[in-house]
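Pasted below: query.cif, mmCIF, C-alpha atoms (C1' of nucleotides).
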data_data
loop_
_atom_site.group_PDB
_atom_site.id
_atom_site.type_symbol
_atom_site.label_atom_id
_atom_site.label_comp_id
_atom_site.auth_asym_id
_atom_site.auth_seq_id
_atom_site.Cartn_x
_atom_site.Cartn_y
_atom_site.Cartn_z
ATOM 1 C CA MET A 95 -8.571 -3.166 18.755
ATOM 2 C CA ALA A 96 -7.727 -6.861 18.849
ATOM 3 C CA ASP A 97 -4.502 -8.523 19.827
ATOM 4 C CA ILE A 98 -1.437 -7.811 17.810
ATOM 5 C CA LYS A 99 -0.999 -11.333 16.475
ATOM 6 C CA GLU A 100 -4.548 -11.507 15.182
ATOM 7 C CA LEU A 101 -3.880 -8.725 12.728
ATOM 8 C CA GLU A 102 -1.942 -10.873 10.307
ATOM 9 C CA ALA A 103 -5.010 -12.016 8.425
ATOM 10 C CA MET A 104 -5.754 -8.414 7.591
ATOM 11 C CA ARG A 105 -2.668 -8.054 5.426
ATOM 12 C CA LEU A 106 -4.314 -10.055 2.718
ATOM 13 C CA LEU A 107 -7.181 -7.621 2.416
ATOM 14 C CA LEU A 108 -5.037 -4.576 2.967
ATOM 15 C CA ASP A 109 -2.564 -5.585 0.279
ATOM 16 C CA LEU A 110 -5.470 -6.227 -2.001
ATOM 17 C CA LEU A 111 -7.168 -2.869 -1.533
ATOM 18 C CA SER A 112 -4.251 -0.585 -0.925
ATOM 19 C CA ASP A 113 -2.893 -0.276 -4.422
ATOM 20 C CA LYS A 114 -3.765 2.669 -6.570
ATOM 21 C CA TRP A 115 -6.519 1.210 -8.737
ATOM 22 C CA THR A 116 -8.223 -1.820 -7.223
ATOM 23 C CA VAL A 117 -10.998 0.027 -5.433
ATOM 24 C CA PRO A 118 -11.890 2.172 -8.444
ATOM 25 C CA ILE A 119 -11.948 -0.980 -10.541
ATOM 26 C CA LEU A 120 -14.334 -2.637 -8.135
ATOM 27 C CA ALA A 121 -16.495 0.450 -8.280
ATOM 28 C CA ALA A 122 -16.489 0.288 -12.063
ATOM 29 C CA LEU A 123 -17.555 -3.324 -11.949
ATOM 30 C CA CYS A 124 -20.379 -2.507 -9.582
ATOM 31 C CA ALA A 125 -21.429 0.361 -11.794
ATOM 32 C CA GLY A 126 -21.850 -2.187 -14.576
ATOM 33 C CA GLY A 127 -24.088 -4.332 -12.460
ATOM 34 C CA GLY A 128 -21.228 -6.516 -11.277
ATOM 35 C CA LYS A 129 -19.736 -7.135 -14.706
ATOM 36 C CA GLN A 130 -17.715 -5.176 -17.233
ATOM 37 C CA ARG A 131 -15.452 -5.754 -20.152
ATOM 38 C CA PHE A 132 -11.760 -4.926 -20.099
ATOM 39 C CA ASN A 133 -11.743 -1.683 -21.997
ATOM 40 C CA ALA A 134 -15.029 -0.606 -20.500
ATOM 41 C CA ILE A 135 -13.347 -0.643 -17.121
ATOM 42 C CA ARG A 136 -10.409 1.199 -18.571
ATOM 43 C CA ARG A 137 -12.626 3.982 -19.796
ATOM 44 C CA GLU A 138 -14.403 4.319 -16.488
ATOM 45 C CA VAL A 139 -11.194 4.412 -14.460
ATOM 46 C CA PRO A 140 -8.895 6.867 -16.155
ATOM 47 C CA PRO A 141 -6.055 7.284 -16.380
ATOM 48 C CA ILE A 142 -5.134 3.706 -15.531
ATOM 49 C CA SER A 143 -2.522 2.009 -17.679
ATOM 50 C CA GLN A 144 -3.134 -1.303 -19.403
ATOM 51 C CA LYS A 145 -0.456 -2.909 -17.361
ATOM 52 C CA SER A 146 -1.909 -1.798 -14.050
ATOM 53 C CA LEU A 147 -5.386 -2.857 -15.035
ATOM 54 C CA VAL A 148 -4.197 -6.316 -16.006
ATOM 55 C CA THR A 149 -2.269 -6.631 -12.770
ATOM 56 C CA CYS A 150 -5.173 -5.610 -10.578
ATOM 57 C CA LEU A 151 -7.654 -7.798 -12.389
ATOM 58 C CA LYS A 152 -5.366 -10.790 -12.171
ATOM 59 C CA ARG A 153 -4.862 -10.305 -8.477
ATOM 60 C CA LEU A 154 -8.571 -9.959 -7.872
ATOM 61 C CA GLU A 155 -9.146 -13.087 -9.902
ATOM 62 C CA MET A 156 -6.447 -15.018 -8.087
ATOM 63 C CA ASN A 157 -8.124 -14.237 -4.812
ATOM 64 C CA GLY A 158 -11.560 -15.235 -5.986
ATOM 65 C CA LEU A 159 -13.145 -11.797 -5.930
ATOM 66 C CA ILE A 160 -13.847 -11.600 -9.647
ATOM 67 C CA GLN A 161 -13.993 -14.077 -12.491
ATOM 68 C CA ARG A 162 -12.754 -13.798 -16.024
ATOM 69 C CA HIS A 163 -15.119 -14.878 -18.793
ATOM 70 C CA VAL A 164 -14.162 -15.041 -22.454
ATOM 71 C CA LEU A 165 -17.283 -14.197 -24.382
ATOM 72 C CA THR A 166 -18.127 -16.356 -27.370
ATOM 73 C CA THR A 167 -19.231 -13.636 -29.688
ATOM 74 C CA GLY A 168 -17.338 -13.524 -32.981
ATOM 75 C CA GLU A 169 -14.576 -11.146 -31.955
ATOM 76 C CA LEU A 170 -12.373 -11.255 -28.882
ATOM 77 C CA ALA A 171 -14.263 -10.057 -25.844
ATOM 78 C CA VAL A 172 -13.559 -10.634 -22.161
ATOM 79 C CA GLU A 173 -15.884 -9.884 -19.324
ATOM 80 C CA TYR A 174 -14.954 -9.624 -15.662
ATOM 81 C CA ARG A 175 -17.627 -10.458 -13.126
ATOM 82 C CA MET A 176 -17.806 -9.935 -9.400
ATOM 83 C CA THR A 177 -18.168 -13.158 -7.480
ATOM 84 C CA PRO A 178 -20.354 -13.459 -4.381
ATOM 85 C CA LEU A 179 -17.148 -13.230 -2.394
ATOM 86 C CA GLY A 180 -16.275 -10.060 -4.245
ATOM 87 C CA HIS A 181 -19.549 -8.477 -3.283
ATOM 88 C CA THR A 182 -18.800 -9.001 0.401
ATOM 89 C CA LEU A 183 -16.071 -6.391 0.017
ATOM 90 C CA ASP A 184 -18.780 -3.807 0.066
ATOM 91 C CA GLU A 185 -18.829 -3.808 3.855
ATOM 92 C CA PRO A 186 -15.159 -3.078 4.624
ATOM 93 C CA VAL A 187 -14.801 -0.742 1.660
ATOM 94 C CA GLY A 188 -17.906 1.053 2.765
ATOM 95 C CA ALA A 189 -16.445 1.465 6.228
ATOM 96 C CA LEU A 190 -13.281 2.988 4.809
ATOM 97 C CA LEU A 191 -15.247 5.319 2.603
ATOM 98 C CA SER A 192 -17.558 6.308 5.393
ATOM 99 C CA TRP A 193 -14.673 7.156 7.692
ATOM 100 C CA SER A 194 -13.007 9.196 4.978
ATOM 101 C CA TRP A 195 -16.069 11.296 4.408
ATOM 102 C CA LYS A 196 -16.663 11.864 8.092
ATOM 103 C CA HIS A 197 -13.140 12.809 9.052
ATOM 104 C CA GLU A 198 -11.525 14.269 5.973
ATOM 105 C CA ARG A 199 -11.797 17.810 7.286
ATOM 106 C CA GLU A 200 -10.366 16.978 10.681
ATOM 107 C CA VAL A 201 -7.387 15.332 9.047
ATOM 108 C CA ARG A 202 -6.703 18.253 6.761
ATOM 109 C CA LYS A 203 -6.937 20.615 9.700
ATOM 110 C CA ALA A 204 -4.496 18.489 11.681
ATOM 111 C CA GLN A 205 -2.109 18.590 8.735
ATOM 112 C CA GLN A 206 -2.302 22.363 8.623
ATOM 113 C CA GLU A 207 -1.547 22.639 12.302
ATOM 114 C CA TYR A 208 1.338 20.233 12.054
ATOM 115 C CA PHE A 209 2.986 22.276 9.342
ATOM 116 C CA SER A 210 2.358 25.515 11.174
ATOM 117 C CA ARG A 211 4.193 24.083 14.161
ATOM 118 C CA THR A 212 7.126 22.665 12.237
ATOM 119 C CA GLU A 213 7.487 25.687 10.000
ATOM 120 C CA ALA A 214 7.602 27.925 13.045
ATOM 121 C CA ALA A 215 10.253 25.661 14.555
ATOM 122 C CA ASP A 216 12.265 25.718 11.338
ATOM 123 C CA ASP A 217 12.253 29.507 11.245
ATOM 124 C CA LYS A 218 15.102 29.767 13.675
ATOM 125 C CA SER A 219 17.482 31.459 11.224
ATOM 126 C CA GLY A 220 15.454 34.538 10.518
ATOM 127 C CA SER A 221 13.610 34.373 7.201
ATOM 128 C CA SER A 222 12.374 31.938 4.584
ATOM 129 C CA THR A 223 14.503 30.440 1.835
ATOM 130 C CA ALA A 224 11.849 29.535 -0.751
ATOM 131 C CA ARG A 225 10.378 26.428 0.837
ATOM 132 C CA ALA A 226 10.290 24.461 -2.372
ATOM 133 C CA LEU A 227 11.174 20.827 -2.496
ATOM 134 C CA PRO A 228 10.344 18.971 0.666
ATOM 135 C CA LEU A 229 6.588 19.270 0.849
ATOM 136 C CA ARG A 230 5.374 16.130 -0.932
ATOM 137 C CA LEU A 231 3.447 14.671 1.851
ATOM 138 C CA VAL A 232 1.079 13.367 4.379
ATOM 139 C CA GLY A 233 -0.003 9.947 3.371
ATOM 140 C CA ARG A 234 1.921 9.442 0.179
ATOM 141 C CA MET B 182 -20.448 0.984 -4.048
ATOM 142 C CA ALA B 183 -20.468 4.715 -4.537
ATOM 143 C CA ASP B 184 -19.555 6.700 -7.595
ATOM 144 C CA ILE B 185 -16.058 6.488 -8.891
ATOM 145 C CA LYS B 186 -15.158 10.118 -8.241
ATOM 146 C CA GLU B 187 -16.203 9.939 -4.625
ATOM 147 C CA LEU B 188 -13.516 7.407 -3.870
ATOM 148 C CA GLU B 189 -10.697 9.910 -3.864
ATOM 149 C CA ALA B 190 -11.117 10.774 -0.217
ATOM 150 C CA MET B 191 -10.458 7.173 0.652
ATOM 151 C CA ARG B 192 -6.886 7.310 -0.566
ATOM 152 C CA LEU B 193 -5.887 9.267 2.483
ATOM 153 C CA LEU B 194 -7.033 6.528 4.822
ATOM 154 C CA LEU B 195 -5.845 3.726 2.586
ATOM 155 C CA ASP B 196 -2.373 5.194 2.248
ATOM 156 C CA LEU B 197 -2.299 5.614 5.968
ATOM 157 C CA LEU B 198 -3.239 2.050 6.849
ATOM 158 C CA SER B 199 -1.738 0.119 4.000
ATOM 159 C CA ASP B 200 1.893 0.183 4.989
ATOM 160 C CA LYS B 201 3.436 -2.692 6.811
ATOM 161 C CA TRP B 202 3.404 -1.447 10.379
ATOM 162 C CA THR B 203 0.827 1.263 11.030
ATOM 163 C CA VAL B 204 -2.001 -1.017 12.081
ATOM 164 C CA PRO B 205 0.142 -3.055 14.461
ATOM 165 C CA ILE B 206 1.415 0.199 15.938
ATOM 166 C CA LEU B 207 -2.116 1.397 16.516
ATOM 167 C CA ALA B 208 -2.890 -1.913 18.161
ATOM 168 C CA ALA B 209 0.132 -1.521 20.418
ATOM 169 C CA LEU B 210 -1.027 1.941 21.409
ATOM 170 C CA CYS B 211 -4.475 0.621 22.218
ATOM 171 C CA ALA B 212 -2.959 -2.199 24.226
ATOM 172 C CA GLY B 213 -1.277 0.447 26.338
ATOM 173 C CA GLY B 214 -4.553 2.197 27.016
ATOM 174 C CA GLY B 215 -4.101 4.607 24.157
ATOM 175 C CA LYS B 216 -0.554 5.632 25.031
ATOM 176 C CA GLN B 217 2.893 4.086 24.795
ATOM 177 C CA ARG B 218 6.498 5.114 24.740
ATOM 178 C CA PHE B 219 8.713 4.757 21.690
ATOM 179 C CA ASN B 220 10.639 1.656 22.614
ATOM 180 C CA ALA B 221 7.654 0.096 24.317
ATOM 181 C CA ILE B 222 5.916 0.127 20.962
ATOM 182 C CA ARG B 223 9.014 -1.271 19.349
ATOM 183 C CA ARG B 224 9.052 -4.202 21.704
ATOM 184 C CA GLU B 225 5.388 -4.955 21.138
ATOM 185 C CA VAL B 226 5.649 -4.782 17.366
ATOM 186 C CA PRO B 227 8.635 -6.851 16.382
ATOM 187 C CA PRO B 228 10.559 -6.918 14.213
ATOM 188 C CA ILE B 229 9.987 -3.314 13.175
ATOM 189 C CA SER B 230 13.031 -1.188 12.471
ATOM 190 C CA GLN B 231 13.641 2.126 14.192
ATOM 191 C CA LYS B 232 13.371 3.915 10.927
ATOM 192 C CA SER B 233 10.009 2.429 10.036
ATOM 193 C CA LEU B 234 8.635 3.125 13.473
ATOM 194 C CA VAL B 235 9.694 6.753 13.303
ATOM 195 C CA THR B 236 8.189 7.108 9.853
ATOM 196 C CA CYS B 237 4.855 5.597 10.815
ATOM 197 C CA LEU B 238 4.587 7.576 14.021
ATOM 198 C CA LYS B 239 5.378 10.806 12.232
ATOM 199 C CA ARG B 240 2.762 10.171 9.591
ATOM 200 C CA LEU B 241 0.149 9.320 12.181
ATOM 201 C CA GLU B 242 1.065 12.485 14.036
ATOM 202 C CA MET B 243 0.933 14.612 10.889
ATOM 203 C CA ASN B 244 -2.573 13.432 10.257
ATOM 204 C CA GLY B 245 -3.764 14.090 13.778
ATOM 205 C CA LEU B 246 -4.305 10.480 14.820
ATOM 206 C CA ILE B 247 -1.716 10.432 17.569
ATOM 207 C CA GLN B 248 0.165 13.068 19.513
ATOM 208 C CA ARG B 249 3.751 13.169 20.608
ATOM 209 C CA HIS B 250 4.457 14.145 24.201
ATOM 210 C CA VAL B 251 7.921 14.667 25.628
ATOM 211 C CA LEU B 252 7.723 13.570 29.247
ATOM 212 C CA THR B 253 9.354 15.803 31.820
ATOM 213 C CA THR B 254 10.883 13.124 33.950
ATOM 214 C CA GLY B 255 14.647 13.409 34.419
ATOM 215 C CA GLU B 256 15.741 11.361 31.438
ATOM 216 C CA LEU B 257 14.567 11.517 27.846
ATOM 217 C CA ALA B 258 11.183 9.935 27.456
ATOM 218 C CA VAL B 259 8.590 10.348 24.727
ATOM 219 C CA GLU B 260 5.051 9.137 24.854
ATOM 220 C CA TYR B 261 2.719 8.754 21.911
ATOM 221 C CA ARG B 262 -0.994 9.068 22.599
ATOM 222 C CA MET B 263 -4.034 8.299 20.500
ATOM 223 C CA THR B 264 -6.175 11.324 19.846
ATOM 224 C CA PRO B 265 -9.977 11.162 19.779
ATOM 225 C CA LEU B 266 -9.689 11.197 16.011
ATOM 226 C CA GLY B 267 -7.291 8.284 16.223
ATOM 227 C CA HIS B 268 -9.788 6.258 18.170
ATOM 228 C CA THR B 269 -12.352 6.640 15.414
ATOM 229 C CA LEU B 270 -10.139 4.393 13.290
ATOM 230 C CA ASP B 271 -11.463 1.512 15.298
ATOM 231 C CA GLU B 272 -14.513 1.265 13.079
ATOM 232 C CA PRO B 273 -12.907 0.938 9.632
ATOM 233 C CA VAL B 274 -10.036 -1.144 10.960
ATOM 234 C CA GLY B 275 -12.528 -3.367 12.705
ATOM 235 C CA ALA B 276 -14.405 -3.821 9.452
ATOM 236 C CA LEU B 277 -11.240 -4.862 7.652
ATOM 237 C CA LEU B 278 -10.342 -7.274 10.398
ATOM 238 C CA SER B 279 -13.810 -8.697 10.539
ATOM 239 C CA TRP B 280 -13.893 -9.345 6.802
ATOM 240 C CA SER B 281 -10.495 -10.986 6.951
ATOM 241 C CA TRP B 282 -11.571 -13.390 9.631
ATOM 242 C CA LYS B 283 -14.797 -14.253 7.889
ATOM 243 C CA HIS B 284 -13.400 -14.822 4.418
ATOM 244 C CA GLU B 285 -9.795 -15.885 4.849
ATOM 245 C CA ARG B 286 -10.584 -19.516 4.075
ATOM 246 C CA GLU B 287 -12.583 -18.708 0.963
ATOM 247 C CA VAL B 288 -9.733 -16.628 -0.358
ATOM 248 C CA ARG B 289 -7.132 -19.305 0.265
ATOM 249 C CA LYS B 290 -9.352 -21.833 -1.418
ATOM 250 C CA ALA B 291 -9.768 -19.564 -4.439
ATOM 251 C CA GLN B 292 -6.004 -19.191 -4.613
ATOM 252 C CA GLN B 293 -5.577 -22.948 -4.624
ATOM 253 C CA GLU B 294 -8.052 -23.366 -7.424
ATOM 254 C CA TYR B 295 -6.446 -20.610 -9.438
ATOM 255 C CA PHE B 296 -3.070 -22.297 -9.272
ATOM 256 C CA SER B 297 -4.539 -25.656 -10.087
ATOM 257 C CA ARG B 298 -6.046 -24.194 -13.219
ATOM 258 C CA THR B 299 -2.947 -22.314 -14.375
ATOM 259 C CA GLU B 300 -0.596 -25.160 -13.545
ATOM 260 C CA ALA B 301 -2.754 -27.503 -15.595
ATOM 261 C CA ALA B 302 -2.703 -25.032 -18.473
ATOM 262 C CA ASP B 303 1.070 -24.684 -18.228
ATOM 263 C CA ASP B 304 1.531 -28.444 -18.416
ATOM 264 C CA LYS B 305 1.239 -28.471 -22.162
ATOM 265 C CA SER B 306 4.764 -29.734 -22.795
ATOM 266 C CA GLY B 307 4.503 -33.024 -20.973
ATOM 267 C CA SER B 308 6.186 -32.868 -17.562
ATOM 268 C CA SER B 309 7.263 -30.396 -14.919
ATOM 269 C CA THR B 310 10.462 -28.368 -15.045
ATOM 270 C CA ALA B 311 10.980 -27.566 -11.381
ATOM 271 C CA ARG B 312 8.484 -24.741 -10.954
ATOM 272 C CA ALA B 313 10.859 -22.435 -9.130
ATOM 273 C CA LEU B 314 10.867 -18.710 -9.638
ATOM 274 C CA PRO B 315 7.519 -17.233 -10.553
ATOM 275 C CA LEU B 316 5.292 -18.223 -7.664
ATOM 276 C CA ARG B 317 5.714 -15.411 -5.170
ATOM 277 C CA LEU B 318 2.349 -13.733 -5.026
ATOM 278 C CA VAL B 319 -1.335 -13.377 -4.452
ATOM 279 C CA GLY B 320 -1.656 -10.107 -2.681
ATOM 280 C CA ARG B 321 1.955 -9.060 -2.595
ATOM 281 C "C1'" DC C 150 -10.010 -5.974 -28.448
ATOM 282 C "C1'" DC C 151 -7.129 -7.999 -24.916
ATOM 283 C "C1'" DG C 152 -3.348 -8.552 -23.422
ATOM 284 C "C1'" DT C 153 2.519 -9.392 -22.867
ATOM 285 C "C1'" DA C 154 7.274 -7.587 -22.732
ATOM 286 C "C1'" DT C 155 10.718 -3.878 -21.458
ATOM 287 C "C1'" DC C 156 12.664 -0.018 -19.708
ATOM 288 C "C1'" DC C 157 12.546 3.329 -16.095
ATOM 289 C "C1'" DC C 158 11.771 5.791 -11.942
ATOM 290 C "C1'" DA C 159 9.926 6.588 -7.156
ATOM 291 C "C1'" DC C 160 9.075 4.807 -2.882
ATOM 292 C "C1'" DG C 161 8.655 1.437 1.275
ATOM 293 C "C1'" DA C 162 11.487 -0.829 4.130
ATOM 294 C "C1'" DG C 163 15.610 -3.441 6.172
ATOM 295 C "C1'" DA C 164 20.490 -2.963 7.874
ATOM 296 C "C1'" DT C 165 23.772 -0.328 9.885
ATOM 297 C "C1'" DA C 166 26.155 3.409 11.998
ATOM 298 C "C1'" DC C 167 26.016 7.657 14.513
ATOM 299 C "C1'" DT C 168 24.083 11.734 17.667
ATOM 300 C "C1'" DG C 169 21.530 14.451 21.772
ATOM 301 C "C1'" DC D 209 16.181 6.484 25.334
ATOM 302 C "C1'" DA D 210 14.730 8.549 21.084
ATOM 303 C "C1'" DG D 211 15.815 9.529 17.223
ATOM 304 C "C1'" DT D 212 18.791 10.974 12.269
ATOM 305 C "C1'" DA D 213 21.647 9.649 8.188
ATOM 306 C "C1'" DT D 214 22.994 6.419 4.348
ATOM 307 C "C1'" DC D 215 22.989 2.581 1.547
ATOM 308 C "C1'" DT D 216 20.689 -0.952 -0.750
ATOM 309 C "C1'" DC D 217 17.121 -3.764 -2.575
ATOM 310 C "C1'" DG D 218 12.376 -5.187 -4.131
ATOM 311 C "C1'" DT D 219 8.181 -3.806 -5.932
ATOM 312 C "C1'" DG D 220 4.298 -0.652 -7.788
ATOM 313 C "C1'" DG D 221 3.293 1.810 -11.556
ATOM 314 C "C1'" DG D 222 3.781 4.830 -15.887
ATOM 315 C "C1'" DA D 223 5.289 4.840 -20.957
ATOM 316 C "C1'" DT D 224 5.940 2.505 -24.888
ATOM 317 C "C1'" DA D 225 6.136 -1.079 -28.250
ATOM 318 C "C1'" DC D 226 4.658 -5.448 -29.876
ATOM 319 C "C1'" DG D 227 1.564 -9.938 -30.384
ATOM 320 C "C1'" DG D 228 -2.818 -12.990 -30.691
#

Here is the file; what I need is its structure written in the form of structure tokens.
Amino acid sequence: MADIKELEAMRLLLDLLSDKWTVPILAALCAGGGKQRFNAIRREVPPISQKSLVTCLKRLEMNGLIQRHVLTTGELAVEYRMTPLGHTLDEPVGALLSWSWKHEREVRKAQQEYFSRTEAADDKSGSSTARALPLRLVGR
Amino acid sequence: MADIKELEAMRLLLDLLSDKWTVPILAALCAGGGKQRFNAIRREVPPISQKSLVTCLKRLEMNGLIQRHVLTTGELAVEYRMTPLGHTLDEPVGALLSWSWKHEREVRKAQQEYFSRTEAADDKSGSSTARALPLRLVGR
DNA sequence: CCGTATCCCACGAGATACTG
DNA sequence: CAGTATCTCGTGGGATACGG
């Protein structure tokens, strides 16, 4: 899987993709043929907040994956366009997506089994006291 | 890039990989032939804290990507082993790594240009007032 | 329409101390 | 050796209000 020092470069990409909205935003851009206006993206990626959208777009722009264009029609209009570099994301994102589809079921099954095991282990004191709070889980 | 609703499944994988240490831990496991003991991992992945290591390992275990084995030698010894499912991560992780290697320079260059532009725009009031605080950024 | 500015909370993660 | 328990801090992200 590569040496442990060589992984550093990956942080850049991982930090870029791992937030809540960036990938959906990229998808929205692609859906628009590689370009979309601010609120158009917002409508396609609900329920994203303005703030988050701005943040994600700015980060993508800073890293050269999209470009911001102020349109010169009468009213204020801004269009965001995928750059060639941005389009190269399709490969790694595709790999992530592909893996997710292939193995989603296995993961869910593993989760089930894990909880069966730990629940059984926790039932040392007889019965169940309304297992309520602690279950927010498994990958966020 | 796939429809926007179909991306949900990816969150599982993204949340799994996107934290600070999980990928290095996986690399350490691979380096050990798919299995390693707790502190062996810790030594190979510095400077990870105990707490973070425990957290990452538990999450990987919960999702069926590694398994925890208590060794039955005299003293306390725990070994973590990649499962077959865990090994399938090699593909998406490889894709991320590959992209990072290929495009790292382009990204850094884009960052440079972005800052050149914004610095220039900020220099409206004549000279420079020790640009100190705001610069921590570009992908975290 | 396209943002910026605040306030607020939840969570990842380091430091540190303690247990089987 | 292999963890658990606390404290603390920084940052992501929602809600809301305001500005160009």

Surrounding residues of region 190-207 of chain A excluding itself and chain neighbours under 5 positions, 6 Å, all atoms listed in the file, as a PDB file with C-alpha atoms, in the coordinates of the input:
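And here is the file that came out, out_20.pdb:
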ATOM      1  CA  ALA B 190     -11.117  10.774  -0.217  1.00  0.00           C
ATOM      2  CA  MET B 191     -10.458   7.173   0.652  1.00  0.00           C
ATOM      3  CA  MET B 243       0.933  14.612  10.889  1.00  0.00           C
ATOM      4  CA  ASN B 244      -2.573  13.432  10.257  1.00  0.00           C
ATOM      5  CA  GLY B 245      -3.764  14.090  13.778  1.00  0.00           C
ATOM      6  CA  PRO B 273     -12.907   0.938   9.632  1.00  0.00           C
TER       7      PRO B 273
END

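Among the candidates A:Leu151, A:Leu179, A:Arg131, A:Gln144, the one nearest to chain B when counting only C-alpha atoms is A:Leu179.
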
* Selection under test: the PyMOL selection byres ((chain B) within 10 of (chain C)); residues as a list in words -> Asp200, Lys201, Ile229, Ser230, Gln231, Lys232, Ser233 and Leu257 of chain B

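Between chain D and the candidates A:Cys150, A:Leu159, A:Val187, A:Val164, the tightest atom-to-atom separation, counting only C-alpha atoms (C1' of nucleotides), involves A:Cys150.
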
* **Selection: 10 Å around Pro265 (chain B), all atoms listed in the file, excl. self and same-chain fewer than 3 positions, as a ChimeraX atom specification** => /B:215,245-247,262,268-270
